[in-house]
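Pasted below: run11.cif, mmCIF, N, CA and C atoms.
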data_start
#
loop_
_atom_site.label_atom_id
_atom_site.label_comp_id
_atom_site.auth_asym_id
_atom_site.auth_seq_id
_atom_site.Cartn_x
_atom_site.Cartn_y
_atom_site.Cartn_z
N MET A 1 141.58 -45.97 49.97
CA MET A 1 140.96 -44.64 50.03
C MET A 1 139.82 -44.68 51.06
N ASP A 2 139.69 -43.64 51.80
CA ASP A 2 138.64 -43.50 52.82
C ASP A 2 137.27 -43.57 52.15
N LYS A 3 136.35 -44.36 52.73
CA LYS A 3 134.98 -44.53 52.18
C LYS A 3 134.24 -43.20 52.05
N ASN A 4 134.57 -42.21 52.88
CA ASN A 4 133.92 -40.90 52.79
C ASN A 4 134.15 -40.23 51.44
N TYR A 5 135.22 -40.65 50.78
CA TYR A 5 135.58 -40.02 49.50
C TYR A 5 135.16 -40.83 48.28
N ASP A 6 134.44 -41.93 48.50
CA ASP A 6 133.97 -42.75 47.38
C ASP A 6 133.13 -41.93 46.39
N VAL A 7 132.42 -40.94 46.91
CA VAL A 7 131.59 -40.11 46.03
C VAL A 7 132.43 -39.30 45.05
N LEU A 8 133.73 -39.16 45.33
CA LEU A 8 134.61 -38.40 44.44
C LEU A 8 135.28 -39.27 43.38
N LYS A 9 134.99 -40.56 43.40
CA LYS A 9 135.55 -41.44 42.37
C LYS A 9 134.82 -41.20 41.05
N LEU A 10 135.56 -41.24 39.98
CA LEU A 10 134.98 -41.04 38.65
C LEU A 10 133.85 -42.03 38.39
N GLU A 11 134.04 -43.27 38.83
CA GLU A 11 133.03 -44.30 38.61
C GLU A 11 131.74 -44.05 39.40
N SER A 12 131.77 -43.14 40.33
CA SER A 12 130.57 -42.81 41.12
C SER A 12 129.75 -41.68 40.50
N GLN A 13 130.25 -41.09 39.45
CA GLN A 13 129.62 -39.91 38.87
C GLN A 13 128.73 -40.27 37.68
N LEU A 14 127.48 -39.89 37.75
CA LEU A 14 126.56 -40.07 36.61
C LEU A 14 127.00 -39.18 35.44
N CYS A 15 127.51 -38.00 35.75
CA CYS A 15 127.86 -37.05 34.70
C CYS A 15 128.97 -37.58 33.79
N PHE A 16 129.89 -38.40 34.33
CA PHE A 16 131.01 -38.84 33.51
C PHE A 16 130.60 -39.76 32.36
N PRO A 17 129.83 -40.85 32.60
CA PRO A 17 129.46 -41.66 31.44
C PRO A 17 128.57 -40.90 30.45
N LEU A 18 127.76 -39.95 30.95
CA LEU A 18 126.96 -39.12 30.03
C LEU A 18 127.88 -38.30 29.13
N TYR A 19 128.86 -37.66 29.75
CA TYR A 19 129.83 -36.83 29.03
C TYR A 19 130.62 -37.67 28.03
N ALA A 20 131.15 -38.80 28.49
CA ALA A 20 131.98 -39.65 27.63
C ALA A 20 131.17 -40.22 26.47
N CYS A 21 129.94 -40.67 26.75
CA CYS A 21 129.08 -41.20 25.68
C CYS A 21 128.74 -40.12 24.66
N ALA A 22 128.46 -38.92 25.14
CA ALA A 22 128.15 -37.81 24.22
C ALA A 22 129.35 -37.55 23.31
N ARG A 23 130.53 -37.47 23.87
CA ARG A 23 131.73 -37.23 23.06
C ARG A 23 131.95 -38.34 22.04
N GLU A 24 131.84 -39.59 22.49
CA GLU A 24 132.06 -40.73 21.60
C GLU A 24 131.00 -40.79 20.50
N THR A 25 129.77 -40.46 20.84
CA THR A 25 128.70 -40.47 19.84
C THR A 25 128.95 -39.39 18.78
N ILE A 26 129.33 -38.22 19.22
CA ILE A 26 129.62 -37.13 18.27
C ILE A 26 130.79 -37.51 17.37
N LYS A 27 131.78 -38.22 17.92
CA LYS A 27 132.90 -38.69 17.08
C LYS A 27 132.40 -39.66 16.00
N LEU A 28 131.42 -40.49 16.35
CA LEU A 28 130.87 -41.42 15.36
C LEU A 28 130.14 -40.68 14.24
N TYR A 29 129.53 -39.56 14.55
CA TYR A 29 128.85 -38.75 13.54
C TYR A 29 129.81 -38.10 12.56
N LYS A 30 131.02 -37.80 13.00
CA LYS A 30 131.95 -36.98 12.23
C LYS A 30 132.13 -37.40 10.77
N PRO A 31 132.43 -38.67 10.48
CA PRO A 31 132.65 -39.01 9.06
C PRO A 31 131.41 -38.78 8.18
N PHE A 32 130.24 -39.00 8.74
CA PHE A 32 129.00 -38.78 7.98
C PHE A 32 128.77 -37.28 7.76
N LEU A 33 129.04 -36.50 8.79
CA LEU A 33 128.82 -35.05 8.69
C LEU A 33 129.89 -34.37 7.87
N ASP A 34 131.10 -34.92 7.85
CA ASP A 34 132.16 -34.36 7.01
C ASP A 34 131.73 -34.35 5.53
N GLU A 35 130.98 -35.38 5.14
CA GLU A 35 130.49 -35.45 3.76
C GLU A 35 129.54 -34.31 3.43
N LEU A 36 128.88 -33.77 4.46
CA LEU A 36 127.93 -32.66 4.28
C LEU A 36 128.58 -31.32 4.62
N ASP A 37 129.84 -31.34 5.03
CA ASP A 37 130.55 -30.14 5.49
C ASP A 37 129.81 -29.48 6.64
N LEU A 38 129.38 -30.30 7.61
CA LEU A 38 128.70 -29.79 8.80
C LEU A 38 129.40 -30.30 10.06
N THR A 39 129.40 -29.47 11.08
CA THR A 39 129.79 -29.93 12.40
C THR A 39 128.55 -30.56 13.04
N TYR A 40 128.72 -31.22 14.17
CA TYR A 40 127.57 -31.81 14.84
C TYR A 40 126.57 -30.73 15.25
N THR A 41 127.06 -29.63 15.79
CA THR A 41 126.16 -28.56 16.23
C THR A 41 125.42 -27.94 15.04
N GLN A 42 126.10 -27.79 13.92
CA GLN A 42 125.42 -27.30 12.71
C GLN A 42 124.36 -28.30 12.26
N TYR A 43 124.67 -29.58 12.36
CA TYR A 43 123.73 -30.64 11.97
C TYR A 43 122.45 -30.59 12.80
N ILE A 44 122.58 -30.45 14.12
CA ILE A 44 121.37 -30.43 14.94
C ILE A 44 120.58 -29.15 14.71
N ALA A 45 121.28 -28.06 14.39
CA ALA A 45 120.56 -26.82 14.03
C ALA A 45 119.80 -27.04 12.72
N MET A 46 120.42 -27.71 11.78
CA MET A 46 119.75 -28.00 10.51
C MET A 46 118.54 -28.91 10.73
N MET A 47 118.62 -29.82 11.66
CA MET A 47 117.49 -30.71 11.94
C MET A 47 116.26 -29.89 12.37
N VAL A 48 116.49 -28.89 13.20
CA VAL A 48 115.38 -28.02 13.63
C VAL A 48 114.85 -27.25 12.43
N LEU A 49 115.74 -26.74 11.60
CA LEU A 49 115.30 -25.96 10.42
C LEU A 49 114.62 -26.84 9.38
N TRP A 50 115.08 -28.06 9.20
CA TRP A 50 114.39 -28.96 8.26
C TRP A 50 112.97 -29.23 8.71
N GLU A 51 112.77 -29.27 10.01
CA GLU A 51 111.44 -29.51 10.54
C GLU A 51 110.56 -28.27 10.50
N LYS A 52 111.12 -27.11 10.86
CA LYS A 52 110.30 -25.90 11.02
C LYS A 52 110.50 -24.85 9.93
N HIS A 53 111.59 -24.91 9.19
CA HIS A 53 111.93 -23.99 8.09
C HIS A 53 112.27 -22.57 8.53
N SER A 54 111.64 -22.08 9.58
CA SER A 54 111.88 -20.73 10.06
C SER A 54 111.65 -20.69 11.57
N VAL A 55 112.65 -20.19 12.31
CA VAL A 55 112.56 -20.09 13.77
C VAL A 55 113.30 -18.84 14.22
N THR A 56 112.99 -18.39 15.42
CA THR A 56 113.79 -17.31 15.99
C THR A 56 115.04 -17.93 16.60
N VAL A 57 116.05 -17.12 16.80
CA VAL A 57 117.27 -17.60 17.44
C VAL A 57 116.93 -18.12 18.84
N LYS A 58 116.03 -17.44 19.51
CA LYS A 58 115.61 -17.87 20.85
C LYS A 58 114.99 -19.27 20.80
N GLU A 59 114.09 -19.50 19.86
CA GLU A 59 113.45 -20.82 19.72
C GLU A 59 114.49 -21.90 19.39
N LEU A 60 115.42 -21.56 18.52
CA LEU A 60 116.47 -22.51 18.15
C LEU A 60 117.32 -22.85 19.37
N GLY A 61 117.69 -21.83 20.14
CA GLY A 61 118.47 -22.05 21.35
C GLY A 61 117.75 -22.93 22.35
N GLU A 62 116.45 -22.71 22.50
CA GLU A 62 115.66 -23.53 23.43
C GLU A 62 115.59 -24.98 22.94
N ALA A 63 115.42 -25.17 21.66
CA ALA A 63 115.33 -26.53 21.11
C ALA A 63 116.64 -27.29 21.27
N LEU A 64 117.77 -26.57 21.15
CA LEU A 64 119.08 -27.21 21.17
C LEU A 64 119.81 -27.10 22.51
N TYR A 65 119.19 -26.41 23.47
CA TYR A 65 119.83 -26.18 24.77
C TYR A 65 121.16 -25.42 24.59
N LEU A 66 121.13 -24.41 23.71
CA LEU A 66 122.32 -23.59 23.44
C LEU A 66 121.98 -22.12 23.67
N ASP A 67 122.97 -21.35 24.12
CA ASP A 67 122.75 -19.93 24.32
C ASP A 67 123.11 -19.14 23.05
N SER A 68 122.72 -17.88 23.02
CA SER A 68 122.95 -17.07 21.82
C SER A 68 124.43 -16.85 21.56
N GLY A 69 125.26 -16.87 22.61
CA GLY A 69 126.70 -16.74 22.42
C GLY A 69 127.30 -17.90 21.65
N THR A 70 126.70 -19.05 21.76
CA THR A 70 127.13 -20.22 20.99
C THR A 70 126.49 -20.21 19.61
N LEU A 71 125.22 -19.81 19.55
CA LEU A 71 124.48 -19.85 18.29
C LEU A 71 124.95 -18.80 17.28
N THR A 72 125.26 -17.61 17.74
CA THR A 72 125.59 -16.52 16.81
C THR A 72 126.74 -16.88 15.87
N PRO A 73 127.91 -17.31 16.36
CA PRO A 73 128.98 -17.67 15.42
C PRO A 73 128.62 -18.89 14.56
N LEU A 74 127.89 -19.82 15.15
CA LEU A 74 127.46 -21.01 14.42
C LEU A 74 126.57 -20.62 13.23
N LEU A 75 125.58 -19.77 13.49
CA LEU A 75 124.65 -19.34 12.45
C LEU A 75 125.33 -18.48 11.40
N LYS A 76 126.30 -17.67 11.80
CA LYS A 76 127.06 -16.85 10.83
C LYS A 76 127.79 -17.75 9.84
N LYS A 77 128.43 -18.81 10.36
CA LYS A 77 129.14 -19.75 9.49
C LYS A 77 128.17 -20.47 8.55
N MET A 78 127.02 -20.84 9.07
CA MET A 78 126.04 -21.54 8.25
C MET A 78 125.45 -20.61 7.19
N GLU A 79 125.28 -19.36 7.55
CA GLU A 79 124.79 -18.37 6.58
C GLU A 79 125.83 -18.16 5.48
N ALA A 80 127.11 -18.11 5.84
CA ALA A 80 128.19 -17.96 4.85
C ALA A 80 128.23 -19.15 3.89
N LYS A 81 127.81 -20.33 4.37
CA LYS A 81 127.74 -21.52 3.50
C LYS A 81 126.49 -21.52 2.62
N GLY A 82 125.60 -20.57 2.86
CA GLY A 82 124.37 -20.48 2.07
C GLY A 82 123.25 -21.39 2.54
N LEU A 83 123.34 -21.91 3.76
CA LEU A 83 122.34 -22.86 4.26
C LEU A 83 121.13 -22.19 4.88
N LEU A 84 121.31 -20.95 5.34
CA LEU A 84 120.24 -20.24 6.03
C LEU A 84 120.43 -18.74 5.88
N THR A 85 119.38 -18.01 6.23
CA THR A 85 119.46 -16.55 6.30
C THR A 85 119.07 -16.12 7.70
N ARG A 86 119.56 -14.97 8.11
CA ARG A 86 119.20 -14.38 9.41
C ARG A 86 118.69 -12.97 9.14
N ARG A 87 117.51 -12.69 9.60
CA ARG A 87 116.90 -11.37 9.40
C ARG A 87 116.17 -10.96 10.66
N ARG A 88 116.16 -9.65 10.92
CA ARG A 88 115.38 -9.11 12.04
C ARG A 88 113.89 -9.27 11.74
N SER A 89 113.13 -9.58 12.76
CA SER A 89 111.69 -9.69 12.63
C SER A 89 111.10 -8.30 12.38
N GLU A 90 110.14 -8.22 11.48
CA GLU A 90 109.46 -6.95 11.22
C GLU A 90 108.53 -6.59 12.37
N GLN A 91 108.02 -7.60 13.08
CA GLN A 91 107.11 -7.37 14.21
C GLN A 91 107.86 -6.98 15.48
N ASP A 92 109.06 -7.54 15.67
CA ASP A 92 109.84 -7.29 16.89
C ASP A 92 111.31 -7.23 16.49
N GLU A 93 111.84 -6.05 16.41
CA GLU A 93 113.21 -5.84 15.94
C GLU A 93 114.26 -6.55 16.80
N ARG A 94 113.91 -6.86 18.05
CA ARG A 94 114.85 -7.56 18.93
C ARG A 94 114.99 -9.03 18.55
N SER A 95 114.05 -9.53 17.80
CA SER A 95 114.01 -10.94 17.45
C SER A 95 114.68 -11.19 16.10
N LEU A 96 115.56 -12.17 16.06
CA LEU A 96 116.26 -12.54 14.83
C LEU A 96 115.66 -13.84 14.29
N ILE A 97 115.20 -13.80 13.05
CA ILE A 97 114.57 -14.96 12.41
C ILE A 97 115.61 -15.70 11.57
N VAL A 98 115.67 -17.00 11.75
CA VAL A 98 116.56 -17.87 10.98
C VAL A 98 115.70 -18.67 10.03
N ARG A 99 116.03 -18.60 8.73
CA ARG A 99 115.25 -19.31 7.70
C ARG A 99 116.16 -20.21 6.87
N LEU A 100 115.64 -21.34 6.55
CA LEU A 100 116.32 -22.30 5.69
C LEU A 100 116.33 -21.78 4.26
N THR A 101 117.45 -21.93 3.56
CA THR A 101 117.52 -21.57 2.14
C THR A 101 117.25 -22.82 1.30
N GLU A 102 117.17 -22.64 -0.01
CA GLU A 102 117.01 -23.80 -0.91
C GLU A 102 118.19 -24.75 -0.77
N ALA A 103 119.39 -24.19 -0.66
CA ALA A 103 120.58 -25.04 -0.49
C ALA A 103 120.51 -25.82 0.83
N GLY A 104 120.03 -25.17 1.87
CA GLY A 104 119.86 -25.84 3.16
C GLY A 104 118.83 -26.96 3.08
N GLU A 105 117.75 -26.69 2.38
CA GLU A 105 116.71 -27.70 2.19
C GLU A 105 117.24 -28.87 1.36
N ALA A 106 118.04 -28.59 0.35
CA ALA A 106 118.60 -29.64 -0.51
C ALA A 106 119.53 -30.57 0.28
N LEU A 107 120.19 -30.03 1.28
CA LEU A 107 121.10 -30.84 2.10
C LEU A 107 120.35 -31.93 2.87
N LYS A 108 119.08 -31.70 3.10
CA LYS A 108 118.24 -32.66 3.83
C LYS A 108 118.26 -34.04 3.15
N GLU A 109 118.23 -34.04 1.84
CA GLU A 109 118.23 -35.29 1.08
C GLU A 109 119.50 -36.09 1.34
N GLN A 110 120.63 -35.41 1.44
CA GLN A 110 121.91 -36.08 1.71
C GLN A 110 121.97 -36.57 3.16
N ALA A 111 121.30 -35.87 4.05
CA ALA A 111 121.39 -36.18 5.48
C ALA A 111 120.44 -37.29 5.91
N VAL A 112 119.46 -37.61 5.11
CA VAL A 112 118.42 -38.53 5.56
C VAL A 112 118.95 -39.92 5.94
N SER A 113 120.08 -40.31 5.40
CA SER A 113 120.64 -41.64 5.73
C SER A 113 121.44 -41.65 7.03
N ILE A 114 121.80 -40.49 7.54
CA ILE A 114 122.67 -40.45 8.72
C ILE A 114 122.07 -41.14 9.94
N PRO A 115 120.81 -40.89 10.30
CA PRO A 115 120.27 -41.60 11.48
C PRO A 115 120.32 -43.13 11.33
N TYR A 116 120.12 -43.63 10.11
CA TYR A 116 120.19 -45.08 9.89
C TYR A 116 121.62 -45.58 10.04
N GLN A 117 122.57 -44.81 9.52
CA GLN A 117 123.98 -45.19 9.65
C GLN A 117 124.40 -45.16 11.12
N MET A 118 123.93 -44.17 11.84
CA MET A 118 124.28 -44.07 13.26
C MET A 118 123.64 -45.19 14.07
N ALA A 119 122.45 -45.60 13.71
CA ALA A 119 121.76 -46.68 14.44
C ALA A 119 122.60 -47.95 14.42
N SER A 120 123.31 -48.17 13.33
CA SER A 120 124.13 -49.37 13.25
C SER A 120 125.40 -49.26 14.10
N CYS A 121 125.73 -48.06 14.55
CA CYS A 121 126.92 -47.84 15.39
C CYS A 121 126.61 -47.98 16.87
N VAL A 122 125.35 -47.91 17.22
CA VAL A 122 124.96 -47.94 18.64
C VAL A 122 124.74 -49.39 19.07
N ARG A 123 125.43 -49.76 20.13
CA ARG A 123 125.36 -51.14 20.61
C ARG A 123 124.26 -51.32 21.65
N LEU A 124 123.06 -50.93 21.27
CA LEU A 124 121.89 -51.10 22.14
C LEU A 124 120.78 -51.75 21.32
N GLU A 125 119.99 -52.56 21.99
CA GLU A 125 118.79 -53.08 21.36
C GLU A 125 117.81 -51.91 21.18
N PRO A 126 116.90 -51.99 20.21
CA PRO A 126 115.95 -50.89 20.01
C PRO A 126 115.19 -50.50 21.27
N GLU A 127 114.79 -51.48 22.08
CA GLU A 127 114.07 -51.17 23.32
C GLU A 127 114.97 -50.43 24.30
N GLU A 128 116.24 -50.83 24.37
CA GLU A 128 117.19 -50.16 25.26
C GLU A 128 117.42 -48.71 24.81
N ALA A 129 117.52 -48.51 23.51
CA ALA A 129 117.72 -47.16 22.97
C ALA A 129 116.52 -46.27 23.30
N LYS A 130 115.31 -46.82 23.18
CA LYS A 130 114.11 -46.04 23.51
C LYS A 130 114.08 -45.67 24.99
N GLU A 131 114.48 -46.61 25.84
CA GLU A 131 114.51 -46.35 27.28
C GLU A 131 115.57 -45.31 27.63
N LEU A 132 116.73 -45.41 27.01
CA LEU A 132 117.79 -44.42 27.25
C LEU A 132 117.32 -43.04 26.80
N TYR A 133 116.71 -42.97 25.65
CA TYR A 133 116.15 -41.72 25.13
C TYR A 133 115.17 -41.12 26.14
N ARG A 134 114.27 -41.94 26.64
CA ARG A 134 113.27 -41.48 27.61
C ARG A 134 113.94 -40.95 28.88
N LEU A 135 114.91 -41.68 29.38
CA LEU A 135 115.60 -41.27 30.61
C LEU A 135 116.41 -39.99 30.41
N LEU A 136 117.08 -39.88 29.28
CA LEU A 136 117.86 -38.66 29.03
C LEU A 136 116.96 -37.44 28.92
N TYR A 137 115.83 -37.57 28.25
CA TYR A 137 114.91 -36.44 28.17
C TYR A 137 114.27 -36.13 29.53
N LYS A 138 114.13 -37.16 30.36
CA LYS A 138 113.63 -36.91 31.71
C LYS A 138 114.63 -36.04 32.47
N LEU A 139 115.92 -36.33 32.31
CA LEU A 139 116.95 -35.51 32.94
C LEU A 139 116.95 -34.08 32.40
N LEU A 140 116.80 -33.94 31.10
CA LEU A 140 116.82 -32.61 30.48
C LEU A 140 115.64 -31.75 30.92
N LYS A 141 114.50 -32.35 31.14
CA LYS A 141 113.30 -31.61 31.48
C LYS A 141 113.27 -31.14 32.93
N GLU A 142 114.13 -31.70 33.77
CA GLU A 142 114.10 -31.34 35.20
C GLU A 142 114.89 -30.09 35.49
#

Once you've parsed the file, please lay out its structure as structure tokens.
Amino acid sequence: MDKNYDVLKLESQLCFPLYACARETIKLYKPFLDELDLTYTQYIAMMVLWEKHSVTVKELGEALYLDSGTLTPLLKKMEAKGLLTRRRSEQDERSLIVRLTEAGEALKEQAVSIPYQMASCVRLEPEEAKELYRLLYKLLKE
């Protein structure tokens, strides 16, 4: 292959190992999340709610790097499961407030072991994991 086209090789792309690692990591989460009847995206939304208890859809989208077109069906499903409520803000009718329910809060106790279980699946030393975390957030912030 002509050297001019080396940049088009899959092995030359930073995006590919990021994409593949993300997919593989989410697959590792699946058995743990199946026990909670959550998808990965629902799980990360719950993580924000466990921390903050109440957020706007906009704040949730910013925290998760998701748009409202992705969040709306996700939140509807979670509301149907009784994990959260969605209500218009009394101060700003354009703003939709997402609140954790008691059932959503109770799920936190079941989920607390997941990060520990996942840590045993990652083949990185703790220092390497911290460095990868730092570098990935550096990419996200740019």

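For the atom pair formed by atom CA of Ala106 of chain A and atom C of Lys27 of chain A, the distance is 23.7 Å, given to one decimal.
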
Could you pull out the strand (DSSP E) residues of chain A, going by DSSP on the backbone, and write them as number ranges by chain?
A: 54-56, 84-88, 96-100

Saved selection, atoms kept: N, CA and C atoms, as a PDB file, keeping the file's coordinate frame:
ATOM      1  N   SER A  54     111.640 -22.080   9.580  1.00  0.00           N
ATOM      2  CA  SER A  54     111.880 -20.730  10.060  1.00  0.00           C
ATOM      3  C   SER A  54     111.650 -20.690  11.570  1.00  0.00           C
ATOM      4  N   VAL A  55     112.650 -20.190  12.310  1.00  0.00           N
ATOM      5  CA  VAL A  55     112.560 -20.090  13.770  1.00  0.00           C
ATOM      6  C   VAL A  55     113.300 -18.840  14.220  1.00  0.00           C
ATOM      7  N   THR A  56     112.990 -18.390  15.420  1.00  0.00           N
ATOM      8  CA  THR A  56     113.790 -17.310  15.990  1.00  0.00           C
ATOM      9  C   THR A  56     115.040 -17.930  16.600  1.00  0.00           C
ATOM     10  N   LEU A  84     121.310 -20.950   5.340  1.00  0.00           N
ATOM     11  CA  LEU A  84     120.240 -20.240   6.030  1.00  0.00           C
ATOM     12  C   LEU A  84     120.430 -18.740   5.880  1.00  0.00           C
ATOM     13  N   THR A  85     119.380 -18.010   6.230  1.00  0.00           N
ATOM     14  CA  THR A  85     119.460 -16.550   6.300  1.00  0.00           C
ATOM     15  C   THR A  85     119.070 -16.120   7.700  1.00  0.00           C
ATOM     16  N   ARG A  86     119.560 -14.970   8.110  1.00  0.00           N
ATOM     17  CA  ARG A  86     119.200 -14.380   9.410  1.00  0.00           C
ATOM     18  C   ARG A  86     118.690 -12.970   9.140  1.00  0.00           C
ATOM     19  N   ARG A  87     117.510 -12.690   9.600  1.00  0.00           N
ATOM     20  CA  ARG A  87     116.900 -11.370   9.400  1.00  0.00           C
ATOM     21  C   ARG A  87     116.170 -10.960  10.660  1.00  0.00           C
ATOM     22  N   ARG A  88     116.160  -9.650  10.920  1.00  0.00           N
ATOM     23  CA  ARG A  88     115.380  -9.110  12.040  1.00  0.00           C
ATOM     24  C   ARG A  88     113.890  -9.270  11.740  1.00  0.00           C
ATOM     25  N   LEU A  96     115.560 -12.170  16.060  1.00  0.00           N
ATOM     26  CA  LEU A  96     116.260 -12.540  14.830  1.00  0.00           C
ATOM     27  C   LEU A  96     115.660 -13.840  14.290  1.00  0.00           C
ATOM     28  N   ILE A  97     115.200 -13.800  13.050  1.00  0.00           N
ATOM     29  CA  ILE A  97     114.570 -14.960  12.410  1.00  0.00           C
ATOM     30  C   ILE A  97     115.610 -15.700  11.570  1.00  0.00           C
ATOM     31  N   VAL A  98     115.670 -17.000  11.750  1.00  0.00           N
ATOM     32  CA  VAL A  98     116.560 -17.870  10.980  1.00  0.00           C
ATOM     33  C   VAL A  98     115.700 -18.670  10.030  1.00  0.00           C
ATOM     34  N   ARG A  99     116.030 -18.600   8.730  1.00  0.00           N
ATOM     35  CA  ARG A  99     115.250 -19.310   7.700  1.00  0.00           C
ATOM     36  C   ARG A  99     116.160 -20.210   6.870  1.00  0.00           C
ATOM     37  N   LEU A 100     115.640 -21.340   6.550  1.00  0.00           N
ATOM     38  CA  LEU A 100     116.320 -22.300   5.690  1.00  0.00           C
ATOM     39  C   LEU A 100     116.330 -21.780   4.260  1.00  0.00           C
TER      40      LEU A 100
END

Residues returned when the PyMOL selection byres ((chain A and resi 113-122) around 8) runs on this file, as a PyMOL selection string
chain A and resi 28-29+32-33+108-112+123-125

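Using only C-alpha atoms, the nearest neighbour of Ala45 of chain A within the list A:Arg88, A:Lys3, A:Arg99, A:Arg23 is A:Arg99.
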
Starting from 6 Å padding per side, set up an axis-aligned box that covers all listed atoms of segment 97-115 of chain A and hand over centre and edge lengths in Å, one decimal, as lines of an AutoDock Vina configuration file.
center_x = 118.6
center_y = -28.5
center_z = 6.1
size_x = 20.1
size_y = 41.3
size_z = 26.0

Which residues come within 8 Å of segment 57-71 of chain A, counting only N, CA and C atoms, excluding same-chain residues fewer than 5 positions away, as an MDAnalysis selection string?
chainID A and resid 44:45 48:49 76:77 95:98

Just the selected residues (N, CA and C atoms), exported as an mmCIF file, in the coordinates of the input, please.
data_model
loop_
_atom_site.group_PDB
_atom_site.id
_atom_site.type_symbol
_atom_site.label_atom_id
_atom_site.label_comp_id
_atom_site.auth_asym_id
_atom_site.auth_seq_id
_atom_site.Cartn_x
_atom_site.Cartn_y
_atom_site.Cartn_z
ATOM 1 N N ILE A 44 122.580 -30.450 14.120
ATOM 2 C CA ILE A 44 121.370 -30.430 14.940
ATOM 3 C C ILE A 44 120.580 -29.150 14.710
ATOM 4 N N ALA A 45 121.280 -28.060 14.390
ATOM 5 C CA ALA A 45 120.560 -26.820 14.030
ATOM 6 C C ALA A 45 119.800 -27.040 12.720
ATOM 7 N N VAL A 48 116.490 -28.890 13.200
ATOM 8 C CA VAL A 48 115.380 -28.020 13.630
ATOM 9 C C VAL A 48 114.850 -27.250 12.430
ATOM 10 N N LEU A 49 115.740 -26.740 11.600
ATOM 11 C CA LEU A 49 115.300 -25.960 10.420
ATOM 12 C C LEU A 49 114.620 -26.840 9.380
ATOM 13 N N LYS A 76 126.300 -17.670 11.800
ATOM 14 C CA LYS A 76 127.060 -16.850 10.830
ATOM 15 C C LYS A 76 127.790 -17.750 9.840
ATOM 16 N N LYS A 77 128.430 -18.810 10.360
ATOM 17 C CA LYS A 77 129.140 -19.750 9.490
ATOM 18 C C LYS A 77 128.170 -20.470 8.550
ATOM 19 N N SER A 95 114.050 -9.530 17.800
ATOM 20 C CA SER A 95 114.010 -10.940 17.450
ATOM 21 C C SER A 95 114.680 -11.190 16.100
ATOM 22 N N LEU A 96 115.560 -12.170 16.060
ATOM 23 C CA LEU A 96 116.260 -12.540 14.830
ATOM 24 C C LEU A 96 115.660 -13.840 14.290
ATOM 25 N N ILE A 97 115.200 -13.800 13.050
ATOM 26 C CA ILE A 97 114.570 -14.960 12.410
ATOM 27 C C ILE A 97 115.610 -15.700 11.570
ATOM 28 N N VAL A 98 115.670 -17.000 11.750
ATOM 29 C CA VAL A 98 116.560 -17.870 10.980
ATOM 30 C C VAL A 98 115.700 -18.670 10.030
#

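Interatomic distance, atom CA of Tyr19 of chain A to atom CA of Gln42 of chain A: 19.4 Å.
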
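Straight-line separation from atom CA of Leu84 of chain A to atom N of Ile26 of chain A: 24.1 Å.
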
Per DSSP on the backbone, filter segment 57-138 of chain A down to the residues in alpha helix (DSSP H) and report them as a ChimeraX atom specification.
/A:57-64,68-80,102-111,114-119,126-138
